[in-house]
Amino acid sequence: MVMREAPNLAPTDSIARFLQRLKYLPTQSLPVLERGYLVGVVHQSDTLPIIAKPESERESLLAAPLSSIVVPSVVATPDNTPSEIGELMATHSVTMLPVVDEEGYCLGMVLASDLLSPDMPVPRPAMVGGMATPFGVYLTDGMHQAGAGNLALITSGVVLGLMFKVTLWATEALIHFGYHYGLPHTVSSKIDDVSATTGTTALMSIVVRLVSLLILLLLMRMTRLAGYHAAEHQTVHAIERTEKLTPDIVGRMPRAHPRCGTNIMAAGTLFFTLFQLASMLPNLDSAAPIVALIGTLVYWRPFGAILQERFTTRPASEKELVSGIKAGEDLLLQYRTASPTRTRLWKRIWCMGMVQNLIGVALVLTLTDALEIALRAHYHF
């Protein structure tokens, strides 16, 4: 079954919003949902009388809620074949059928144009996420998993955990080295430690944290993850732009993506750095949280994009691009051929890959902490 995601139209939405959504879909009707459950459908033909009204009246008529024109709908079920859905459309003279489960939850919709013209661009997930692993690209639409498997995601967490530990050890070594040359013992490498808010100590703490971040970023750049990270982003861009998944096209896509986790790291670094800098200035110390928040909201995405392009990704090799393309093709195939079903929250969380990553990170941190304790006890330092 060629099924598309149903647009987010609620009974309280305006008629104008319904007409706006029609501009981007080859259909004359759309389902109306409330908390995901089908309420009915709205037909463009029921809005035509508005055209005959004077312009002075149109604005108020277009602002009316969809509940004023919603009507019951013939529906399809996940078990219906494309032929059966086509017969329903022909019998009832409709160009769209909602697909609902036994509870009336709308799983998506089927358009007549998709059944009549299979050579048209196939439906694709509205949003695709993914991760880089040492063994290839992992992609998901929140329901399906493609490319590298769960063990690869755990391994990716192990690599990240090792990089975090190496960064921590290197930073601590630099700080202890600095103590011998007059570095104040109050200098901290913790990003959320803002106890020192004035003077040279505060500036030194900021520098130490930025150096720590630079060490981590350089480690990321040197691993295989950076190339697969780029291939993952480029494949996601190509899917979201409905481009063909070929090495030439995918290779031209941007390496930075706005939903990358690097942006979260960029936001945290910006906030705490701006907070401490603002706290050092007499006229801004009381407004430091506001200054830091505004600065972060304005610059976190551009800063995150720079970090992605310069450090957490590097130009993907042909092998890495092929890994992303294979994962993308597998994901699209699953999306088009899998039986429609409602995705539960636990499934979406698992598909994100963060749980598997955290398992790997936790394993590394637990083992290295135990090793540190044993070494300190044995060598008495």
# chains A, B, ... in the order shown; residues from 1 in each chain; ligands from 1
$ residues_around --residues "Ala126 (chain A)" --least-positions-apart "4" --cutoff "12 Å" --atoms "only C-alpha atoms" --output "ChimeraX atom specification"
/A:4-8,108,140-142,236-237,239-242,332,335
$ write_last_selection --atoms "N, CA, C and O atoms" --output "PDB file, in the first residue's frame"
ATOM      1  N   ARG A   4       0.618   7.807   2.542  1.00  0.00           N
ATOM      2  CA  ARG A   4       1.281   9.038   2.965  1.00  0.00           C
ATOM      3  C   ARG A   4       0.893   9.351   4.410  1.00  0.00           C
ATOM      4  O   ARG A   4      -0.132   8.909   4.904  1.00  0.00           O
ATOM      5  N   GLU A   5       1.746  10.160   5.060  1.00  0.00           N
ATOM      6  CA  GLU A   5       1.381  10.639   6.391  1.00  0.00           C
ATOM      7  C   GLU A   5       0.251  11.653   6.267  1.00  0.00           C
ATOM      8  O   GLU A   5       0.232  12.475   5.352  1.00  0.00           O
ATOM      9  N   ALA A   6      -0.707  11.583   7.188  1.00  0.00           N
ATOM     10  CA  ALA A   6      -1.818  12.530   7.176  1.00  0.00           C
ATOM     11  C   ALA A   6      -1.352  13.865   7.737  1.00  0.00           C
ATOM     12  O   ALA A   6      -0.633  13.894   8.747  1.00  0.00           O
ATOM     13  N   PRO A   7      -1.715  14.976   7.109  1.00  0.00           N
ATOM     14  CA  PRO A   7      -1.320  16.283   7.641  1.00  0.00           C
ATOM     15  C   PRO A   7      -1.991  16.543   8.982  1.00  0.00           C
ATOM     16  O   PRO A   7      -3.044  15.979   9.290  1.00  0.00           O
ATOM     17  N   ASN A   8      -1.383  17.389   9.760  1.00  0.00           N
ATOM     18  CA  ASN A   8      -1.887  17.674  11.103  1.00  0.00           C
ATOM     19  C   ASN A   8      -2.981  18.736  11.033  1.00  0.00           C
ATOM     20  O   ASN A   8      -2.745  19.927  11.238  1.00  0.00           O
ATOM     21  N   GLY A 108      -2.612   7.113   8.357  1.00  0.00           N
ATOM     22  CA  GLY A 108      -2.137   7.832   7.186  1.00  0.00           C
ATOM     23  C   GLY A 108      -3.253   7.968   6.173  1.00  0.00           C
ATOM     24  O   GLY A 108      -4.439   7.839   6.514  1.00  0.00           O
ATOM     25  N   THR A 140      16.533   6.117  10.715  1.00  0.00           N
ATOM     26  CA  THR A 140      15.220   5.730  11.224  1.00  0.00           C
ATOM     27  C   THR A 140      14.197   6.815  10.911  1.00  0.00           C
ATOM     28  O   THR A 140      14.547   7.988  10.783  1.00  0.00           O
ATOM     29  N   ASP A 141      12.937   6.396  10.780  1.00  0.00           N
ATOM     30  CA  ASP A 141      11.832   7.346  10.649  1.00  0.00           C
ATOM     31  C   ASP A 141      10.973   7.345  11.913  1.00  0.00           C
ATOM     32  O   ASP A 141       9.876   7.882  11.921  1.00  0.00           O
ATOM     33  N   GLY A 142      11.491   6.752  12.978  1.00  0.00           N
ATOM     34  CA  GLY A 142      10.746   6.656  14.222  1.00  0.00           C
ATOM     35  C   GLY A 142       9.979   5.357  14.360  1.00  0.00           C
ATOM     36  O   GLY A 142       9.514   5.016  15.449  1.00  0.00           O
ATOM     37  N   VAL A 236      20.159  11.992   4.770  1.00  0.00           N
ATOM     38  CA  VAL A 236      18.916  12.537   5.334  1.00  0.00           C
ATOM     39  C   VAL A 236      18.467  13.755   4.534  1.00  0.00           C
ATOM     40  O   VAL A 236      17.283  13.900   4.212  1.00  0.00           O
ATOM     41  N   HIS A 237      19.403  14.634   4.198  1.00  0.00           N
ATOM     42  CA  HIS A 237      19.057  15.805   3.374  1.00  0.00           C
ATOM     43  C   HIS A 237      18.444  15.367   2.041  1.00  0.00           C
ATOM     44  O   HIS A 237      17.434  15.931   1.591  1.00  0.00           O
ATOM     45  N   ILE A 239      16.908  12.557   1.252  1.00  0.00           N
ATOM     46  CA  ILE A 239      15.570  11.977   1.452  1.00  0.00           C
ATOM     47  C   ILE A 239      14.548  13.069   1.693  1.00  0.00           C
ATOM     48  O   ILE A 239      13.459  13.066   1.096  1.00  0.00           O
ATOM     49  N   GLU A 240      14.874  14.014   2.551  1.00  0.00           N
ATOM     50  CA  GLU A 240      13.923  15.078   2.886  1.00  0.00           C
ATOM     51  C   GLU A 240      13.670  16.014   1.712  1.00  0.00           C
ATOM     52  O   GLU A 240      12.629  16.667   1.665  1.00  0.00           O
ATOM     53  N   ARG A 241      14.591  16.086   0.776  1.00  0.00           N
ATOM     54  CA  ARG A 241      14.407  16.921  -0.418  1.00  0.00           C
ATOM     55  C   ARG A 241      13.882  16.117  -1.604  1.00  0.00           C
ATOM     56  O   ARG A 241      13.834  16.627  -2.724  1.00  0.00           O
ATOM     57  N   THR A 242      13.520  14.862  -1.352  1.00  0.00           N
ATOM     58  CA  THR A 242      13.004  13.933  -2.378  1.00  0.00           C
ATOM     59  C   THR A 242      13.966  13.801  -3.560  1.00  0.00           C
ATOM     60  O   THR A 242      13.552  13.679  -4.706  1.00  0.00           O
ATOM     61  N   LEU A 332      13.500   3.573   3.087  1.00  0.00           N
ATOM     62  CA  LEU A 332      12.385   3.927   2.205  1.00  0.00           C
ATOM     63  C   LEU A 332      11.599   2.685   1.806  1.00  0.00           C
ATOM     64  O   LEU A 332      10.359   2.730   1.712  1.00  0.00           O
ATOM     65  N   TYR A 335       9.465   1.743   4.718  1.00  0.00           N
ATOM     66  CA  TYR A 335       8.395   2.731   4.879  1.00  0.00           C
ATOM     67  C   TYR A 335       7.260   2.471   3.893  1.00  0.00           C
ATOM     68  O   TYR A 335       6.085   2.600   4.226  1.00  0.00           O
TER      69      TYR A 335
END
$ residues_around --residues "region 230-232 of chain A" --least-positions-apart "3" --cutoff "12 Å" --atoms "only C-alpha atoms" --output "ChimeraX atom specification"
/A:128-133,136-140,146-148,221,224-227,235-239,245-247,249-257,259-260,308-328
$ closest_residue --among "A:Thr223, A:Asn283, A:Thr296, A:Ser73" --to "Pro98 (chain A)" --atoms "only C-alpha atoms"
A:Ser73
$ residues_around --residues "Ile154 (chain A)" --least-positions-apart "4" --cutoff "8 Å" --atoms "only C-alpha atoms" --output "PyMOL selection string"
chain A and resi 150+158+356-361
$ write_last_selection --atoms "N, CA and C atoms" --output "PDB file, in the first residue's frame"
ATOM      1  N   ASN A 150      21.652  -2.433  16.115  1.00  0.00           N
ATOM      2  CA  ASN A 150      21.688  -1.971  17.500  1.00  0.00           C
ATOM      3  C   ASN A 150      23.056  -2.185  18.149  1.00  0.00           C
ATOM      4  N   VAL A 158      30.273   3.288  22.903  1.00  0.00           N
ATOM      5  CA  VAL A 158      31.561   2.941  23.497  1.00  0.00           C
ATOM      6  C   VAL A 158      32.654   3.893  23.004  1.00  0.00           C
ATOM      7  N   GLN A 356      20.653   2.957  23.002  1.00  0.00           N
ATOM      8  CA  GLN A 356      21.783   2.088  22.693  1.00  0.00           C
ATOM      9  C   GLN A 356      23.108   2.827  22.882  1.00  0.00           C
ATOM     10  N   ASN A 357      23.149   4.094  22.454  1.00  0.00           N
ATOM     11  CA  ASN A 357      24.360   4.901  22.639  1.00  0.00           C
ATOM     12  C   ASN A 357      24.701   5.054  24.113  1.00  0.00           C
ATOM     13  N   LEU A 358      23.687   5.337  24.920  1.00  0.00           N
ATOM     14  CA  LEU A 358      23.914   5.540  26.355  1.00  0.00           C
ATOM     15  C   LEU A 358      24.392   4.259  27.030  1.00  0.00           C
ATOM     16  N   ILE A 359      23.912   3.104  26.541  1.00  0.00           N
ATOM     17  CA  ILE A 359      24.395   1.834  27.084  1.00  0.00           C
ATOM     18  C   ILE A 359      25.907   1.716  26.852  1.00  0.00           C
ATOM     19  N   GLY A 360      26.345   2.040  25.644  1.00  0.00           N
ATOM     20  CA  GLY A 360      27.771   1.984  25.337  1.00  0.00           C
ATOM     21  C   GLY A 360      28.581   2.965  26.164  1.00  0.00           C
ATOM     22  N   VAL A 361      28.079   4.200  26.293  1.00  0.00           N
ATOM     23  CA  VAL A 361      28.777   5.210  27.098  1.00  0.00           C
ATOM     24  C   VAL A 361      28.864   4.767  28.556  1.00  0.00           C
TER      25      VAL A 361
END
$ atom_distance --atom1 "CA of Val166 (chain A)" --atom2 "CA of Ile306 (chain A)"
23.1 Å
$ atom_distance --atom1 "CA of Gly86 (chain A)" --atom2 "CA of Ile15 (chain A)"
27.7 Å
$ closest_residue --among "A:Leu30, A:Ile51, A:Leu168, A:Ala64" --to "Thr12 (chain A)" --atoms "only C-alpha atoms"
A:Ala64
$ select_by_dssp --residues "region 72-185 of chain A" --states "alpha helix (DSSP H)" --output "tab-separated table (two decimals) with N, CA and C atoms, in the first residue's frame"
chain	number	residue	atom	x	y	z
A	82	PRO	N	-4.23	-2.40	-2.46
A	82	PRO	CA	-4.39	-1.23	-3.33
A	82	PRO	C	-5.59	-1.36	-4.25
A	83	SER	N	-5.87	-2.56	-4.76
A	83	SER	CA	-7.03	-2.75	-5.64
A	83	SER	C	-8.33	-2.47	-4.91
A	84	GLU	N	-8.42	-2.95	-3.67
A	84	GLU	CA	-9.64	-2.72	-2.88
A	84	GLU	C	-9.81	-1.24	-2.57
A	85	ILE	N	-8.72	-0.57	-2.28
A	85	ILE	CA	-8.81	0.87	-2.01
A	85	ILE	C	-9.22	1.62	-3.27
A	86	GLY	N	-8.67	1.21	-4.40
A	86	GLY	CA	-9.05	1.83	-5.66
A	86	GLY	C	-10.54	1.66	-5.94
A	87	GLU	N	-11.08	0.48	-5.66
A	87	GLU	CA	-12.52	0.25	-5.85
A	87	GLU	C	-13.35	1.16	-4.95
A	88	LEU	N	-12.91	1.33	-3.71
A	88	LEU	CA	-13.62	2.22	-2.79
A	88	LEU	C	-13.61	3.66	-3.31
A	89	MET	N	-12.46	4.10	-3.81
A	89	MET	CA	-12.36	5.46	-4.34
A	89	MET	C	-13.28	5.64	-5.54
A	90	ALA	N	-13.27	4.67	-6.45
A	90	ALA	CA	-14.11	4.78	-7.64
A	90	ALA	C	-15.59	4.75	-7.28
A	91	THR	N	-15.95	3.88	-6.34
A	91	THR	CA	-17.36	3.76	-5.94
A	91	THR	C	-17.88	5.04	-5.30
A	92	HIS	N	-17.06	5.65	-4.47
A	92	HIS	CA	-17.51	6.84	-3.72
A	92	HIS	C	-17.01	8.16	-4.33
A	112	ALA	N	-5.44	8.95	-4.66
A	112	ALA	CA	-5.71	8.32	-5.95
A	112	ALA	C	-4.56	8.51	-6.92
A	113	SER	N	-3.89	9.67	-6.87
A	113	SER	CA	-2.79	9.94	-7.79
A	113	SER	C	-1.63	8.96	-7.58
A	114	ASP	N	-1.42	8.53	-6.34
A	114	ASP	CA	-0.35	7.57	-6.07
A	114	ASP	C	-0.68	6.19	-6.63
A	115	LEU	N	-1.98	5.85	-6.65
A	115	LEU	CA	-2.38	4.56	-7.20
A	115	LEU	C	-2.39	4.59	-8.73
A	116	LEU	N	-2.77	5.73	-9.29
A	116	LEU	CA	-2.88	5.83	-10.74
A	116	LEU	C	-1.54	6.05	-11.42
A	150	ASN	N	21.65	-2.43	16.12
A	150	ASN	CA	21.69	-1.97	17.50
A	150	ASN	C	23.06	-2.19	18.15
A	151	LEU	N	23.73	-3.28	17.81
A	151	LEU	CA	25.08	-3.49	18.36
A	151	LEU	C	26.05	-2.42	17.87
A	152	ALA	N	25.87	-1.99	16.64
A	152	ALA	CA	26.71	-0.92	16.10
A	152	ALA	C	26.44	0.38	16.85
A	153	LEU	N	25.18	0.62	17.21
A	153	LEU	CA	24.85	1.83	17.98
A	153	LEU	C	25.48	1.78	19.37
A	154	ILE	N	25.49	0.61	19.99
A	154	ILE	CA	26.14	0.46	21.30
A	154	ILE	C	27.65	0.69	21.15
A	155	THR	N	28.22	0.15	20.08
A	155	THR	CA	29.65	0.36	19.83
A	155	THR	C	29.96	1.84	19.64
A	156	SER	N	29.06	2.53	18.95
A	156	SER	CA	29.23	3.97	18.78
A	156	SER	C	29.26	4.67	20.14
A	157	GLY	N	28.40	4.23	21.06
A	157	GLY	CA	28.41	4.78	22.41
A	157	GLY	C	29.71	4.49	23.13
A	158	VAL	N	30.27	3.29	22.90
A	158	VAL	CA	31.56	2.94	23.50
A	158	VAL	C	32.65	3.89	23.00
A	159	VAL	N	32.66	4.16	21.69
A	159	VAL	CA	33.66	5.07	21.12
A	159	VAL	C	33.49	6.48	21.70
A	160	LEU	N	32.24	6.95	21.79
A	160	LEU	CA	32.00	8.28	22.35
A	160	LEU	C	32.43	8.34	23.81
A	161	GLY	N	32.12	7.28	24.56
A	161	GLY	CA	32.52	7.24	25.96
A	161	GLY	C	34.03	7.31	26.11
A	162	LEU	N	34.76	6.57	25.27
A	162	LEU	CA	36.22	6.62	25.31
A	162	LEU	C	36.75	8.01	24.99
A	163	MET	N	36.11	8.68	24.01
A	163	MET	CA	36.54	10.04	23.67
A	163	MET	C	36.28	10.99	24.82
A	164	PHE	N	35.13	10.84	25.51
A	164	PHE	CA	34.85	11.68	26.67
A	164	PHE	C	35.91	11.47	27.75
A	165	LYS	N	36.26	10.20	28.00
A	165	LYS	CA	37.23	9.89	29.04
A	165	LYS	C	38.62	10.43	28.69
A	166	VAL	N	39.04	10.23	27.45
A	166	VAL	CA	40.34	10.73	27.02
A	166	VAL	C	40.38	12.25	27.13
A	167	THR	N	39.28	12.89	26.76
A	167	THR	CA	39.19	14.36	26.88
A	167	THR	C	39.32	14.78	28.34
A	168	LEU	N	38.63	14.07	29.23
A	168	LEU	CA	38.70	14.40	30.65
A	168	LEU	C	40.11	14.21	31.19
A	169	TRP	N	40.75	13.09	30.83
A	169	TRP	CA	42.12	12.83	31.30
A	169	TRP	C	43.09	13.88	30.77
A	170	ALA	N	42.95	14.23	29.49
A	170	ALA	CA	43.85	15.21	28.89
A	170	ALA	C	43.66	16.58	29.54
A	171	THR	N	42.42	16.95	29.80
A	171	THR	CA	42.14	18.25	30.43
A	171	THR	C	42.69	18.29	31.85
A	172	GLU	N	42.48	17.21	32.60
A	172	GLU	CA	43.01	17.17	33.98
A	172	GLU	C	44.54	17.23	33.98
A	173	ALA	N	45.15	16.57	33.01
A	173	ALA	CA	46.61	16.61	32.92
A	173	ALA	C	47.10	18.04	32.63
A	174	LEU	N	46.41	18.74	31.74
A	174	LEU	CA	46.78	20.12	31.44
A	174	LEU	C	46.61	21.03	32.65
A	175	ILE	N	45.53	20.82	33.40
A	175	ILE	CA	45.30	21.64	34.58
A	175	ILE	C	46.39	21.40	35.63
A	176	HIS	N	46.69	20.13	35.89
A	176	HIS	CA	47.73	19.82	36.88
A	176	HIS	C	49.09	20.33	36.43
A	177	PHE	N	49.35	20.28	35.12
A	177	PHE	CA	50.58	20.85	34.59
A	177	PHE	C	50.61	22.36	34.83
A	178	GLY	N	49.43	22.99	34.65
A	178	GLY	CA	49.35	24.42	34.87
A	178	GLY	C	49.54	24.83	36.31
A	179	TYR	N	49.17	23.96	37.25
A	179	TYR	CA	49.34	24.29	38.67
A	179	TYR	C	50.82	24.55	39.00
$ select_by_dssp --residues "region 121-286 of chain A" --states "strand (DSSP E or B)" --output "list in words"
Gly129, Gly130, Met131, Ala132, Thr133, Gly136, Val137, Tyr138, Leu139, Thr140, Gln145, Ala146 and Gly147 of chain A
$ write_last_selection --atoms "N, CA and C atoms" --output "tab-separated table (two decimals), in the first residue's frame"
chain	number	residue	atom	x	y	z
A	129	GLY	N	15.78	10.57	10.99
A	129	GLY	CA	16.91	10.80	11.88
A	129	GLY	C	17.94	9.70	11.69
A	130	GLY	N	19.05	9.84	12.35
A	130	GLY	CA	20.06	8.81	12.21
A	130	GLY	C	21.25	9.05	13.11
A	131	MET	N	22.21	8.16	13.00
A	131	MET	CA	23.45	8.25	13.76
A	131	MET	C	24.58	7.64	12.95
A	132	ALA	N	25.79	8.04	13.30
A	132	ALA	CA	26.97	7.44	12.72
A	132	ALA	C	27.49	6.37	13.67
A	133	THR	N	27.91	5.25	13.14
A	133	THR	CA	28.52	4.19	13.93
A	133	THR	C	29.85	3.82	13.28
A	136	GLY	N	29.04	1.90	9.98
A	136	GLY	CA	28.18	2.40	8.92
A	136	GLY	C	27.13	3.36	9.44
A	137	VAL	N	26.24	3.76	8.55
A	137	VAL	CA	25.20	4.74	8.85
A	137	VAL	C	23.94	4.04	9.36
A	138	TYR	N	23.34	4.62	10.38
A	138	TYR	CA	22.06	4.16	10.91
A	138	TYR	C	21.01	5.22	10.63
A	139	LEU	N	19.84	4.81	10.11
A	139	LEU	CA	18.76	5.74	9.82
A	139	LEU	C	17.44	5.21	10.39
A	140	THR	N	16.53	6.12	10.71
A	140	THR	CA	15.22	5.73	11.22
A	140	THR	C	14.20	6.82	10.91
A	145	GLN	N	14.03	0.78	11.47
A	145	GLN	CA	15.46	0.92	11.64
A	145	GLN	C	16.16	0.37	10.39
A	146	ALA	N	17.12	1.14	9.89
A	146	ALA	CA	17.81	0.74	8.66
A	146	ALA	C	19.30	1.01	8.79
A	147	GLY	N	20.07	0.24	8.03
A	147	GLY	CA	21.51	0.42	8.05
A	147	GLY	C	22.15	-0.33	9.20
$ closest_residue --among "A:Gly304, A:Gly268, A:Gly149, A:Pro123" --to "Phe135 (chain A)" --atoms "only C-alpha atoms"
A:Gly149
$ residues_around --residues "Gly36 (chain A)" --least-positions-apart "4" --cutoff "10 Å" --atoms "only C-alpha atoms" --output "ChimeraX atom specification"
/A:6,8-10,32,100,104-108,342
$ closest_residue --among "A:Pro134, A:Pro54, A:Val355, A:Val110" --to "Tyr228 (chain A)" --atoms "only C-alpha atoms"
A:Pro134
